[in-house]
Structure formats: C-alpha cells, structure tokens
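A.B. asks: File model.txt follows (compact mmCIF, C-alpha atoms):
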```txt
# COMPACT_ATOMS: atom_id res chain seq x y z
CA MET A 1 9.76 48.08 21.38
CA ASN A 2 6.20 48.27 20.45
CA THR A 3 4.72 47.52 23.85
CA PRO A 4 3.34 50.42 25.84
CA GLU A 5 4.32 48.89 29.17
CA SER A 6 8.00 48.01 29.00
CA ILE A 7 9.68 46.85 32.18
CA PRO A 8 13.09 48.51 32.50
CA THR A 9 15.80 46.58 34.36
CA THR A 10 19.53 47.10 34.81
CA SER A 11 22.20 44.75 33.54
CA ASN A 12 25.60 44.04 35.10
CA ASP A 13 27.23 46.85 33.13
CA GLY A 14 24.61 49.29 34.32
CA SER A 15 22.77 49.67 31.02
CA ASP A 16 19.04 49.28 30.80
CA MET A 17 17.69 46.04 29.38
CA ASP A 18 14.18 45.54 28.21
CA LEU A 19 13.00 42.18 29.46
CA SER A 20 9.31 42.70 28.88
CA PRO A 21 7.61 40.15 26.63
CA ARG A 22 7.51 41.42 23.09
CA THR A 23 4.04 41.99 21.81
CA ASN A 24 2.47 43.50 18.76
CA VAL A 25 0.43 46.69 18.89
CA ASP A 26 -2.72 44.64 19.23
CA GLY A 27 -1.24 42.84 22.25
CA THR A 28 -0.60 39.49 20.52
CA ALA A 29 2.73 37.77 21.11
CA VAL A 30 5.61 38.31 18.75
CA GLY A 31 7.91 35.55 17.63
CA VAL A 32 7.79 32.13 16.08
CA LYS A 33 4.28 30.84 16.31
CA ARG A 34 4.17 27.18 17.31
CA LYS A 35 1.70 26.02 14.77
CA ARG A 36 0.42 22.55 15.45
CA ASN A 37 0.27 20.64 12.20
CA VAL A 38 -3.20 19.12 12.29
CA VAL A 39 -3.07 17.31 8.93
CA PRO A 40 -1.09 14.29 10.24
CA LEU A 41 -3.42 14.08 13.22
CA ILE A 42 -6.43 14.05 10.92
CA VAL A 43 -4.77 11.39 8.75
CA LEU A 44 -3.99 9.31 11.85
CA ALA A 45 -7.59 9.59 13.01
CA MET A 46 -8.77 8.51 9.57
CA VAL A 47 -6.31 5.60 9.63
CA PHE A 48 -7.74 4.40 12.95
CA VAL A 49 -11.28 4.66 11.60
CA ALA A 50 -10.33 2.87 8.38
CA GLY A 51 -8.52 0.15 10.36
CA GLY A 52 -11.59 -0.32 12.51
CA VAL A 53 -13.86 -0.58 9.49
CA ILE A 54 -11.56 -3.11 7.82
CA VAL A 55 -11.32 -5.32 10.90
CA THR A 56 -15.06 -5.09 11.48
CA GLN A 57 -15.84 -6.01 7.89
CA PHE A 58 -13.33 -8.86 8.03
CA LEU A 59 -14.87 -10.29 11.17
CA THR A 60 -18.35 -9.87 9.72
CA SER A 61 -17.25 -11.81 6.67
CA ALA A 62 -15.69 -14.38 9.01
CA VAL A 63 -12.13 -15.48 8.57
CA ASP A 64 -13.03 -18.31 6.22
CA TYR A 65 -14.78 -16.83 3.22
CA TYR A 66 -16.95 -19.80 2.26
CA CYS A 67 -18.19 -23.25 3.09
CA ASN A 68 -17.95 -26.11 0.63
CA VAL A 69 -21.06 -27.82 -0.67
CA ASP A 70 -20.36 -30.99 1.32
CA GLU A 71 -20.08 -29.05 4.59
CA VAL A 72 -23.66 -27.75 4.77
CA GLY A 73 -25.09 -28.70 8.14
CA VAL A 74 -21.88 -30.52 9.04
CA ARG A 75 -19.22 -27.91 9.66
CA ASP A 76 -19.55 -25.26 12.35
CA GLY A 77 -20.76 -22.01 10.77
CA CYS A 78 -22.13 -23.77 7.69
CA ASP A 79 -25.71 -24.16 8.87
CA GLY A 80 -28.25 -24.55 6.12
CA ASP A 81 -30.94 -22.51 7.85
CA ARG A 82 -29.24 -19.15 7.53
CA ARG A 83 -27.53 -17.03 4.92
CA ILE A 84 -24.47 -18.80 3.58
CA ARG A 85 -21.63 -18.57 1.05
CA LEU A 86 -21.14 -21.88 -0.70
CA GLN A 87 -18.26 -22.95 -2.89
CA GLY A 88 -18.45 -25.64 -5.52
CA THR A 89 -17.62 -26.32 -9.16
CA VAL A 90 -20.31 -25.63 -11.74
CA ASP A 91 -21.31 -29.02 -13.14
CA LYS A 92 -20.76 -29.60 -16.82
CA GLY A 93 -23.95 -29.22 -18.85
CA SER A 94 -25.94 -27.93 -15.87
CA VAL A 95 -26.14 -24.23 -16.79
CA ASP A 96 -29.57 -23.16 -17.98
CA ILE A 97 -30.43 -19.51 -18.58
CA ALA A 98 -34.10 -18.72 -19.11
CA ASN A 99 -36.35 -15.73 -18.34
CA GLY A 100 -33.53 -13.85 -16.68
CA VAL A 101 -32.83 -16.69 -14.26
CA THR A 102 -29.63 -18.71 -14.30
CA ALA A 103 -29.94 -22.23 -12.95
CA PHE A 104 -27.03 -24.57 -12.49
CA THR A 105 -25.64 -27.18 -10.15
CA ILE A 106 -22.51 -26.92 -8.04
CA SER A 107 -20.66 -29.83 -6.56
CA PHE A 108 -17.82 -30.57 -4.19
CA ASN A 109 -16.50 -33.90 -2.97
CA GLY A 110 -19.38 -35.75 -4.59
CA GLU A 111 -22.11 -33.59 -3.02
CA HIS A 112 -24.32 -31.64 -5.45
CA LEU A 113 -26.58 -28.65 -4.88
CA PRO A 114 -28.87 -26.92 -7.38
CA VAL A 115 -28.52 -23.13 -7.56
CA ARG A 116 -31.03 -20.57 -8.79
CA TYR A 117 -29.72 -17.08 -9.47
CA GLU A 118 -31.80 -14.09 -10.60
CA GLY A 119 -29.77 -12.61 -13.43
CA GLN A 120 -26.65 -13.53 -15.29
CA PRO A 121 -23.47 -14.15 -13.30
CA GLY A 122 -20.56 -11.82 -14.09
CA GLY A 123 -16.84 -12.42 -14.32
CA ILE A 124 -15.63 -15.48 -16.19
CA PHE A 125 -18.59 -17.64 -15.13
CA ARG A 126 -18.94 -20.87 -17.04
CA GLU A 127 -19.32 -24.54 -16.32
CA CYS A 128 -16.41 -26.45 -14.79
CA LEU A 129 -15.14 -23.41 -12.88
CA PRO A 130 -15.43 -23.08 -9.10
CA VAL A 131 -17.83 -20.42 -7.86
CA VAL A 132 -18.91 -18.96 -4.54
CA VAL A 133 -22.65 -18.38 -4.32
CA HIS A 134 -24.16 -16.12 -1.63
CA GLY A 135 -27.73 -16.90 -0.63
CA VAL A 136 -30.08 -19.07 1.40
CA ILE A 137 -31.00 -22.71 1.02
CA ASP A 138 -34.69 -23.29 0.42
CA ASN A 139 -36.25 -26.67 -0.39
CA GLY A 140 -32.88 -28.20 -1.14
CA ALA A 141 -31.84 -25.46 -3.59
CA LEU A 142 -29.58 -22.48 -3.05
CA LEU A 143 -31.34 -19.23 -3.93
CA GLY A 144 -28.36 -17.06 -4.77
CA ASP A 145 -28.21 -13.30 -4.93
CA ARG A 146 -24.53 -13.10 -5.78
CA VAL A 147 -22.20 -15.36 -7.73
CA GLU A 148 -18.42 -14.92 -7.65
CA VAL A 149 -16.11 -16.95 -9.83
CA ARG A 150 -13.00 -18.31 -8.18
CA HIS A 151 -9.88 -18.57 -10.24
CA SER A 152 -7.34 -21.29 -9.59
CA ASP A 153 -3.62 -20.62 -9.23
CA GLU A 154 -3.12 -22.08 -12.72
CA TYR A 155 -2.43 -19.91 -15.77
CA VAL A 156 -2.83 -21.68 -19.11
CA SER A 157 -2.30 -20.06 -22.49
CA VAL A 158 -5.38 -19.88 -24.66
CA ASN A 159 -3.14 -21.07 -27.50
CA ASP A 160 -2.06 -24.14 -25.61
CA GLU A 161 -2.64 -27.29 -27.63
CA ARG A 162 -3.76 -29.02 -24.48
CA VAL A 163 -6.70 -26.68 -23.98
CA ALA A 164 -9.23 -29.44 -24.35
CA ASP A 165 -7.39 -31.59 -21.81
CA ALA A 166 -7.02 -28.67 -19.47
CA GLN A 167 -10.73 -27.90 -19.67
CA ASP A 168 -11.53 -31.47 -18.79
CA LEU A 169 -9.16 -31.23 -15.86
CA GLY A 170 -10.97 -28.05 -14.78
CA CYS A 171 -14.25 -29.96 -14.44
CA ASP A 172 -12.56 -32.75 -12.56
CA ALA A 173 -11.01 -30.30 -10.14
CA GLY A 174 -13.96 -30.45 -7.84
CA SER A 175 -11.74 -30.47 -4.83
CA ALA A 176 -10.25 -27.04 -5.61
CA MET B 177 21.91 21.21 11.44
CA THR B 178 24.00 23.62 9.44
CA THR B 179 26.70 25.65 11.22
CA ILE B 180 25.93 29.22 12.12
CA ASP B 181 28.49 31.95 12.30
CA PRO B 182 27.42 33.95 15.39
CA ALA B 183 28.91 37.13 13.96
CA ARG B 184 26.94 36.80 10.77
CA THR B 185 23.71 38.74 11.01
CA GLU B 186 22.83 39.25 7.37
CA LEU B 187 23.73 37.93 3.96
CA GLN B 188 26.82 39.59 2.56
CA PRO B 189 26.40 41.12 -0.90
CA SER B 190 29.66 39.55 -2.01
CA GLU B 191 28.37 36.03 -1.31
CA PRO B 192 27.77 33.96 -4.43
CA PRO B 193 24.14 33.08 -5.06
CA PRO B 194 23.18 29.64 -3.73
CA GLN B 195 23.78 26.84 -6.18
CA ARG B 196 20.81 25.14 -7.75
CA ARG B 197 20.80 21.62 -6.41
CA SER B 198 19.03 18.65 -7.89
CA THR B 199 18.46 15.06 -6.86
CA GLY B 200 19.62 13.76 -10.23
CA THR B 201 23.07 12.32 -10.83
CA ARG B 202 24.70 10.24 -13.52
CA ALA B 203 23.70 7.12 -11.56
CA THR B 204 20.03 8.10 -11.31
CA ARG B 205 19.95 8.89 -15.00
CA LEU B 206 21.37 5.45 -15.81
CA VAL B 207 18.82 3.78 -13.55
CA GLY B 208 16.12 5.92 -15.18
CA ILE B 209 17.15 4.77 -18.63
CA GLY B 210 17.13 1.18 -17.40
CA CYS B 211 13.63 1.74 -15.99
CA ILE B 212 12.25 3.17 -19.23
CA THR B 213 13.80 0.33 -21.22
CA ALA B 214 12.41 -2.34 -18.89
CA MET B 215 8.97 -0.66 -18.92
CA GLY B 216 9.08 -0.76 -22.72
CA TRP B 217 9.82 -4.48 -22.57
CA LEU B 218 6.97 -4.91 -20.11
CA VAL B 219 4.54 -3.20 -22.48
CA ALA B 220 5.79 -5.34 -25.38
CA PHE B 221 5.53 -8.62 -23.47
CA GLY B 222 2.53 -7.75 -21.35
CA LEU B 223 0.37 -6.45 -24.17
CA GLY B 224 1.96 -8.14 -27.17
CA PHE B 225 3.94 -11.36 -26.89
CA SER B 226 2.19 -12.84 -23.86
CA PRO B 227 -0.86 -14.95 -24.77
CA ALA B 228 -4.34 -14.60 -23.33
CA ASP B 229 -5.31 -16.98 -20.55
CA ARG B 230 -7.67 -19.89 -21.13
CA ASP B 231 -10.14 -18.69 -18.48
CA GLN B 232 -9.31 -15.05 -17.81
CA LYS B 233 -8.73 -14.16 -21.48
CA GLU B 234 -7.09 -10.74 -21.93
CA SER B 235 -7.54 -9.67 -18.30
CA VAL B 236 -4.58 -11.87 -17.37
CA ARG B 237 -2.34 -9.01 -18.54
CA ILE B 238 -3.25 -7.09 -15.38
CA LEU B 239 -1.20 -9.70 -13.55
CA TYR B 240 2.04 -8.24 -14.94
CA VAL B 241 1.47 -5.05 -12.93
CA HIS B 242 -0.53 -6.43 -10.01
CA VAL B 243 2.01 -9.02 -8.87
CA PRO B 244 5.28 -7.05 -9.33
CA THR B 245 3.89 -4.00 -7.52
CA ILE B 246 2.89 -5.99 -4.44
CA TRP B 247 6.23 -7.86 -4.39
CA LEU B 248 8.11 -4.57 -4.63
CA ALA B 249 5.85 -3.11 -1.93
CA TYR B 250 6.81 -6.04 0.33
CA LEU B 251 10.47 -5.31 -0.43
CA ALA B 252 9.95 -1.59 0.23
CA PHE B 253 8.41 -2.28 3.64
CA VAL B 254 11.20 -4.71 4.52
CA VAL B 255 13.73 -1.99 3.59
CA THR B 256 11.79 0.38 5.86
CA ALA B 257 12.00 -2.10 8.73
CA VAL B 258 15.70 -2.85 8.23
CA SER B 259 16.59 0.85 7.92
CA SER B 260 14.52 1.60 11.02
CA GLY B 261 16.41 -1.10 12.89
CA LEU B 262 19.74 0.27 11.70
CA TYR B 263 18.74 3.74 12.85
CA LEU B 264 17.67 2.56 16.29
CA LEU B 265 20.39 0.01 16.94
CA THR B 266 23.48 1.76 15.63
CA LYS B 267 25.40 4.09 17.91
CA LYS B 268 25.44 7.00 15.47
CA GLN B 269 21.65 7.01 14.90
CA SER B 270 22.16 8.44 11.44
CA LEU B 271 19.21 10.30 9.98
CA GLY B 272 20.22 8.84 6.61
CA TRP B 273 18.70 5.50 7.68
CA ASP B 274 15.54 7.31 8.74
CA ARG B 275 15.24 8.93 5.33
CA VAL B 276 15.74 5.59 3.57
CA ALA B 277 12.99 4.12 5.78
CA GLY B 278 10.60 6.99 5.05
CA ALA B 279 11.26 7.09 1.32
CA SER B 280 10.87 3.33 1.00
CA ALA B 281 7.56 3.40 2.88
CA GLU B 282 6.23 6.16 0.62
CA ILE B 283 7.06 4.16 -2.49
CA GLY B 284 5.67 0.98 -0.92
CA VAL B 285 2.36 2.71 -0.20
CA ALA B 286 2.18 3.95 -3.79
CA PHE B 287 2.85 0.42 -5.07
CA VAL B 288 0.18 -1.13 -2.81
CA ALA B 289 -2.27 1.48 -4.09
CA VAL B 290 -1.50 0.37 -7.65
CA THR B 291 -1.87 -3.30 -6.60
CA LEU B 292 -5.28 -2.65 -5.07
CA ALA B 293 -6.48 -0.53 -8.00
CA VAL B 294 -5.52 -2.94 -10.76
CA GLY B 295 -6.48 -5.91 -8.58
CA SER B 296 -10.01 -4.60 -8.19
CA LEU B 297 -10.26 -4.21 -11.98
CA TRP B 298 -9.08 -7.81 -12.39
CA GLY B 299 -11.57 -8.90 -9.73
CA ARG B 300 -14.45 -7.28 -11.60
CA LEU B 301 -13.47 -9.03 -14.81
CA THR B 302 -12.74 -12.44 -13.28
CA TRP B 303 -14.75 -12.82 -10.08
CA GLY B 304 -17.54 -10.47 -11.11
CA VAL B 305 -16.99 -8.06 -8.20
CA PHE B 306 -14.52 -5.24 -7.58
CA TRP B 307 -14.00 -6.05 -3.93
CA GLN B 308 -14.81 -8.63 -1.28
CA TRP B 309 -13.81 -8.78 2.36
CA ASP B 310 -11.93 -12.03 2.08
CA ALA B 311 -8.69 -12.71 3.94
CA ARG B 312 -6.22 -11.61 1.24
CA LEU B 313 -8.00 -8.40 0.27
CA THR B 314 -8.68 -7.42 3.86
CA THR B 315 -5.12 -7.96 5.07
CA THR B 316 -3.77 -6.07 2.05
CA ALA B 317 -6.08 -3.15 2.82
CA LEU B 318 -4.88 -3.27 6.42
CA LEU B 319 -1.26 -3.20 5.25
CA PHE B 320 -2.03 -0.17 3.08
CA VAL B 321 -3.74 1.71 5.90
CA THR B 322 -0.99 0.83 8.39
CA TYR B 323 1.71 2.37 6.23
CA ILE B 324 -0.39 5.47 5.56
CA GLY B 325 -0.47 5.74 9.36
CA TYR B 326 3.32 5.32 9.41
CA LEU B 327 3.67 8.22 6.95
CA ALA B 328 1.31 10.34 9.06
CA VAL B 329 3.39 9.61 12.17
CA ARG B 330 6.47 10.85 10.32
CA ARG B 331 4.77 14.21 9.85
CA LEU B 332 3.61 14.78 13.40
CA GLY B 333 6.28 17.39 14.01
CA GLY B 334 9.15 17.67 16.47
CA SER B 335 12.86 17.39 15.75
CA HIS B 336 14.29 15.13 13.07
CA GLN B 337 15.54 12.72 15.75
CA GLN B 338 12.10 12.58 17.41
CA ARG B 339 10.53 11.85 14.02
CA ALA B 340 13.11 9.17 13.30
CA LYS B 341 12.71 7.41 16.67
CA ARG B 342 8.94 7.13 16.76
CA SER B 343 8.62 6.13 13.10
CA ALA B 344 11.43 3.57 13.41
CA VAL B 345 9.53 1.74 16.14
CA LEU B 346 6.38 1.68 14.01
CA GLY B 347 8.35 0.66 10.90
CA MET B 348 9.75 -2.36 12.69
CA ILE B 349 6.36 -3.46 14.03
CA ALA B 350 4.33 -2.94 10.85
CA VAL B 351 6.49 -5.26 8.77
CA ILE B 352 5.04 -8.33 10.52
CA GLU B 353 1.88 -7.79 8.47
CA ILE B 354 3.65 -8.94 5.31
CA PRO B 355 3.67 -12.70 6.08
CA LEU B 356 0.08 -12.30 7.27
CA VAL B 357 -0.89 -10.87 3.87
CA HIS B 358 1.10 -13.35 1.83
CA PHE B 359 0.03 -16.49 3.68
CA SER B 360 -3.56 -15.39 4.32
CA VAL B 361 -4.68 -17.47 1.32
CA LYS B 362 -3.02 -20.52 2.88
CA MET B 363 -4.28 -19.91 6.40
CA TRP B 364 -7.91 -19.17 5.51
CA ARG B 365 -10.32 -19.92 2.70
CA SER B 366 -10.23 -16.97 0.38
CA LEU B 367 -11.84 -15.80 -2.82
CA HIS B 368 -8.35 -14.82 -3.95
CA GLN B 369 -6.38 -17.69 -5.42
CA GLU B 370 -3.26 -19.08 -3.80
CA ALA B 371 0.21 -17.99 -4.90
CA THR B 372 1.24 -19.33 -8.30
CA VAL B 373 4.93 -18.40 -8.21
CA ALA B 374 5.93 -17.38 -4.69
CA ASN B 375 4.65 -20.56 -3.07
CA LEU B 376 6.41 -22.96 -0.76
CA ASP B 377 5.86 -26.10 -2.83
CA GLY B 378 7.94 -24.71 -5.73
CA ASP B 379 5.37 -25.74 -8.32
CA THR B 380 4.78 -22.87 -10.77
CA LYS B 381 1.61 -23.52 -12.73
CA MET B 382 2.09 -20.85 -15.37
CA ASP B 383 2.65 -20.77 -19.12
CA GLY B 384 6.30 -20.03 -20.06
CA ILE B 385 5.81 -16.67 -21.83
CA MET B 386 3.41 -15.53 -19.11
CA LEU B 387 6.03 -16.34 -16.49
CA PHE B 388 8.71 -14.50 -18.46
CA SER B 389 6.43 -11.45 -18.85
CA LEU B 390 5.90 -11.50 -15.10
CA PHE B 391 9.67 -11.62 -14.64
CA VAL B 392 10.05 -8.59 -16.97
CA GLY B 393 7.46 -6.79 -14.84
CA VAL B 394 9.44 -7.50 -11.68
CA ILE B 395 12.64 -6.16 -13.32
CA ALA B 396 10.86 -3.01 -14.56
CA PHE B 397 9.29 -2.19 -11.20
CA THR B 398 12.57 -2.92 -9.41
CA PHE B 399 14.26 -0.30 -11.58
CA LEU B 400 11.41 2.09 -10.81
CA TYR B 401 11.74 1.44 -7.08
CA VAL B 402 15.51 2.08 -7.10
CA TRP B 403 15.11 5.23 -9.20
CA LEU B 404 12.39 6.62 -6.92
CA MET B 405 14.41 5.71 -3.82
CA LEU B 406 17.50 7.57 -5.01
CA HIS B 407 15.54 10.71 -5.79
CA ARG B 408 13.27 10.62 -2.76
CA THR B 409 15.99 10.06 -0.15
CA ARG B 410 17.96 13.00 -1.60
CA ALA B 411 14.83 15.17 -1.71
CA MET B 412 14.16 14.30 1.95
CA ALA B 413 17.73 15.25 2.89
CA MET B 414 17.17 18.60 1.18
CA GLU B 415 13.86 19.08 3.01
CA ASP B 416 15.59 18.44 6.33
CA MET B 417 18.37 20.86 5.40
CA LEU B 418 15.83 23.49 4.41
CA GLU B 419 14.04 23.13 7.74
CA ASP B 420 17.33 23.51 9.58
CA ARG B 421 18.22 26.53 7.50
CA GLY B 422 14.86 28.08 8.37
CA LEU B 423 15.80 27.77 12.04
CA ASP B 424 19.22 29.23 11.36
CA ASP B 425 17.66 32.16 9.52
CA ALA B 426 15.30 32.78 12.43
CA LEU B 427 18.27 32.84 14.82
CA ILE B 428 20.18 35.21 12.55
CA ALA B 429 17.18 37.52 12.31
CA ARG B 430 16.81 37.49 16.10
CA ARG B 431 20.47 38.36 16.59
CA ALA B 432 20.17 41.19 14.08
CA GLU B 433 17.17 42.52 15.95
CA ALA B 434 19.05 42.36 19.25
CA ALA B 435 22.06 44.10 17.73
CA ASN B 436 19.87 46.88 16.33
CA GLN B 437 18.22 47.36 19.71
CA GLN B 438 21.59 47.57 21.42
CA ASN B 439 22.83 50.14 18.86
CA GLY B 440 19.66 52.17 19.36
CA ALA B 441 20.07 52.17 23.13
CA HIS B 442 23.63 53.60 22.96
```
Let me see the file written as structure tokens.

C.D. replies:
Amino acid sequence: MNTPESIPTTSNDGSDMDLSPRTNVDGTAVGVKRKRNVVPLIVLAMVFVAGGVIVTQFLTSAVDYYCNVDEVGVRDGCDGDRRIRLQGTVDKGSVDIANGVTAFTISFNGEHLPVRYEGQPGGIFRECLPVVVHGVIDNGALLGDRVEVRHSDEYVSVNDERVADAQDLGCDAGSA
Amino acid sequence: MTTIDPARTELQPSEPPPQRRSTGTRATRLVGIGCITAMGWLVAFGLGFSPADRDQKESVRILYVHVPTIWLAYLAFVVTAVSSGLYLLTKKQSLGWDRVAGASAEIGVAFVAVTLAVGSLWGRLTWGVFWQWDARLTTTALLFVTYIGYLAVRRLGGSHQQRAKRSAVLGMIAVIEIPLVHFSVKMWRSLHQEATVANLDGDTKMDGIMLFSLFVGVIAFTFLYVWLMLHRTRAMAMEDMLEDRGLDDALIARRAEAANQQNGAH
C-alpha cells in the first residue's frame, strides 16, 4: 500500500488485513473517479433557455400571426392605432415603384387599404398574391416596414396551359 | 452485462484476438442500395423532371426535401414513443426497445434540422424572410428543442435501466407535440401555408409530376431512415456492451490487485 498510515486489522483466519482507505502518495483517493458528465446538463440548461425564448417570442408575436384588412378596428387585437400585421391580396394593377418606394393596395373581403413601403419587397412579391405587411396605419394608409408574401397551399406547374386562368383565380382569391 | 469468470484475473495469451464487429449486414447493404437508388430518383425528379411552380419558380424543388424530412421526423418520434411505451409496459423491460427509441429520436432530430434549414431557405425565397415567429415555425422549433432535450436526458449518466426509464417517460410525453405542429396552421393564422397533401379534406392541390416527385422523396428518406436505424441501434448496443465491459475490466483489475496483495502478504 502506498499510504503511510495503514490500519492493520485481523481477519477470521488470523491474518492481517489492510482496511485503510487506499490513497495515492499525494493523499488523493485511489479508485474509479465518479466523474459527473456536465455536457448533458449544459445541453439541458440550453434547451430550457431555448424553450423559454421560443415561447416568449411566440407569445410576443401572438398566436394569430396577422389581422385581415377588414378586421382593422373591429377584431380584438387589430386596433388601428398601434403597430399591426395586416394580411390582404395585392390588388391587380396597384403596384407602383418609384424613388425607392413601393406603393400598392391590399384588399380582403371587399375592404381595401393603401400600403406604402420603403424599398422593394422580397420573396415572390407581385400583384394578386396575398401578403402580410408589418407597420402602422397613418392617415388611412399602412406605412409598412416589412412585407412578407404568403403562399397558398396550391402548387401549379409553370408549364400548365391554364396558367392564365390560374393567375386570374389568384387575384380573385381575396379570401385566402 | 457480460458474464465475468471470477477466477479470471487477466487475459490469457492463448485467447484469440477479439473479432472486429461491424453494424453492417447483408440486410443493411440492401437497404443502403435501395436508399442510394431512391436518392438518385429524387435528384432526377426533383431537379430534372419536375416543373417549376407558377409562383415559387425553381424554389419549389426545396419542397421535395422539406416535406419528406418532417414527415419522417414525425414517424421517428412516433417510433420513439411506441418503443418507450413497449419498454415501460412490457414485463421484460428490454433495453432493445430503449435503443430503438434513442436511435429513432436522434434521426428525427437530424431530419427536423434539415427541415428547418431548407425551410428557412425556401422562406427567404418565397416570403422574403428566413424566419418568422408564426405558429408553425415556432411549434416546429419547440419540437426540435424538446427532442434535443430528450437526447441530453439520455446522456445524464446512471445505469442503462435508469437511462431507459427516464427517457421513456419523456419520449412518451414529447410525442404530443406532433399534432400541435401539424395542425398549428389550422388552429391559428400562420404565415406558413396549410397542408397541401396531408390534410383532412383530402383535396390535393398539386401538379401531378410535383406530387410524384414528393412521393419519390418520401420513399428515399424512408429508406434513409431505415438504414440509419439499423446501424444506429446496433452501434448503441455495442456502446452499451463496451461500457459493461469497462466495468468488468475494472472488476478484474481489482481482483488481480487483491490477489497480488494476498500473495505478497504470505
């Protein structure tokens, strides 16, 4: 044994047994070290933080992502005097891009609202497609700082002979 | 746990060297060949035969990876839940079920990661943004994080049975998130569109070749899932065996030490 202070005892057969704890020369314990694996604990902590962030962001965004144009000032949470996300279909022939500003009109259920957006919308933005505009309503117009294009659950081939019909349908789909 | 011969204190020189073991078998190789073939078909249909979409143009091709990976992730998490239930509820409490549950969750997490990555690319091209905290994206992110937590719980330490019990409970609870993710676009207004194929009204609004390409994608990723499952469950069994052998070796070493001490005392 490598401990300086062994404790001698006697076993049943009379021989000496060393029952002192085994230690190294420096006094540290010998044997299997019970290493606590901290990586899973760190991952779990990160998971809790990430879960909290996700739920917080979700609640901040509210469960319903947008209000429709015809719900401004009517539906709870769709007040026109605060920041809002409005969904409507871009009216045909309404898009006008000039001096870095994109102006267009969105409509839903027969209600129309002019939109003014600084810049050029990304994604697949074009007339007759539904969009969600983030911004504030001022003097009857929505001053948008973000435009997101919604895509329907319909997938139509670009080679389809009924493209023209389908595009017309797209503009009529104001209730999407 | 492997059996220990109490008299055995060291490896005998006459013992044959341990065999090299692998997780591959004839069956896994066949599944692997099927996977490669189906992936080839997916590339051909996804990038070649399938037409561009009227609105999305070429970015529609992302769909052939995005949708199959999330469907297979759903399946993987259901397999995790069922295997967890079989582990907990059967008398034998076989660790084999636990390994199936763990392997399936690992693959499911990898598939959700692919879904989120390619989905954000599609979002940038179609919506104009990579990410938004709408109902579908948020619940999918929550699903992803939950199963990372499940995998972390599996590695907290303890015996194999302890690992199996605590992760089985979590595996059975976490699966309830799947209907929440899938029907989130029905329950709440979302930037993400509603389901085109896996919807309850049975109306699939998709061009024929696009739908077939999607079907090829599902077949290809199913092959990949099965192939990964076969390998991963066997690798996990080997890991468990290796851990047990480490304990056996420690016991053997301790006995040898005790025997040496006894010899020295006499």

A.B. asks: With only C-alpha atoms as the atoms that count, which of B:Phe253, B:Trp298, B:Phe388, B:Phe221 lies nearest to chain A?

C.D. replies: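 Among B:Phe253, B:Trp298, B:Phe388, B:Phe221, it is B:Trp298 that comes nearest to chain A.
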
A.B. asks: At a cut-off of 8 Å, which residues of chain B touch chain A? Count only C-alpha atoms and give the answer as a ChimeraX atom specification.

C.D. replies: /B:227-233,299-305,309-311,314,317-318,321-322,324-325,328-329,331-333,364-372,381-383

A.B. asks: Rounded to one decimal, what separation in Å do you get between CA of Pro130 (chain A) and CA of Gly88 (chain A)?

C.D. replies: 5.3 Å

A.B. asks: Mind pulling up the distance from CA of Gln308 (chain B) to CA of Ser360 (chain B)?

C.D. replies: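 According to the coordinates, CA of Ser360 (chain B) and CA of Gln308 (chain B) are separated by 14.3 Å.
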
A.B. asks: To one decimal place, how far is CA of His336 (chain B) from CA of Asp420 (chain B) in Å?

C.D. replies: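 Computing it gives 9.6 Å between the two atoms.
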
A.B. asks: Write out as an mmCIF file with C-alpha atoms, in the coordinates of the input the residues lying within 12 Å of Arg339 (chain B), counting only C-alpha atoms and excluding same-chain residues fewer than 4 positions away.

C.D. replies:
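Saved the output as out22.cif:
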```cif
data_model
loop_
_atom_site.group_PDB
_atom_site.id
_atom_site.type_symbol
_atom_site.label_atom_id
_atom_site.label_comp_id
_atom_site.auth_asym_id
_atom_site.auth_seq_id
_atom_site.Cartn_x
_atom_site.Cartn_y
_atom_site.Cartn_z
ATOM 1 C CA SER B 260 14.520 1.600 11.020
ATOM 2 C CA TYR B 263 18.740 3.740 12.850
ATOM 3 C CA LEU B 264 17.670 2.560 16.290
ATOM 4 C CA LEU B 271 19.210 10.300 9.980
ATOM 5 C CA ASP B 274 15.540 7.310 8.740
ATOM 6 C CA ARG B 275 15.240 8.930 5.330
ATOM 7 C CA ALA B 277 12.990 4.120 5.780
ATOM 8 C CA GLY B 278 10.600 6.990 5.050
ATOM 9 C CA TYR B 326 3.320 5.320 9.410
ATOM 10 C CA LEU B 327 3.670 8.220 6.950
ATOM 11 C CA ALA B 328 1.310 10.340 9.060
ATOM 12 C CA VAL B 329 3.390 9.610 12.170
ATOM 13 C CA ARG B 330 6.470 10.850 10.320
ATOM 14 C CA ARG B 331 4.770 14.210 9.850
ATOM 15 C CA LEU B 332 3.610 14.780 13.400
ATOM 16 C CA GLY B 333 6.280 17.390 14.010
ATOM 17 C CA GLY B 334 9.150 17.670 16.470
ATOM 18 C CA SER B 335 12.860 17.390 15.750
ATOM 19 C CA SER B 343 8.620 6.130 13.100
ATOM 20 C CA ALA B 344 11.430 3.570 13.410
ATOM 21 C CA VAL B 345 9.530 1.740 16.140
ATOM 22 C CA LEU B 346 6.380 1.680 14.010
ATOM 23 C CA GLY B 347 8.350 0.660 10.900
ATOM 24 C CA ASP B 416 15.590 18.440 6.330
#
```

A.B. asks: Edge lengths and centre, in Å to one decimal, as AutoDock Vina command-line options: that's what I need for the box along x, y and z that holds all listed atoms of region 330-340 of chain B plus 3 Å on each side.

C.D. replies:
```
--center_x 9.6 --center_y 13.4 --center_z 13.6 --size_x 17.9 --size_y 14.5 --size_z 13.6
```

A.B. asks: Might you pull out every residue within 9 Å of Lys92 (chain A), with all atoms listed in the file counted and same-chain residues fewer than 3 positions away left off, and present them as a PyMOL selection string?

C.D. replies: chain A and resi 89+95+105+126-128+171

A.B. asks: Which residues, written as a VMD selection string, have at least one atom at most 10 Å from Ile238 (chain B), with only C-alpha atoms counted and residues fewer than 5 positions away on the same chain left out?

C.D. replies: chain B and resid 222 to 223 243 291 294 to 295 297 to 298

A.B. asks: Here is a test: counting only C-alpha atoms, which residue of A:Ala103, A:Leu142, A:Val90, A:Ile137 is nearest to Gly119 (chain A)?

C.D. replies: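 Using only C-alpha atoms, Gly119 (chain A) sits closest to A:Ala103.
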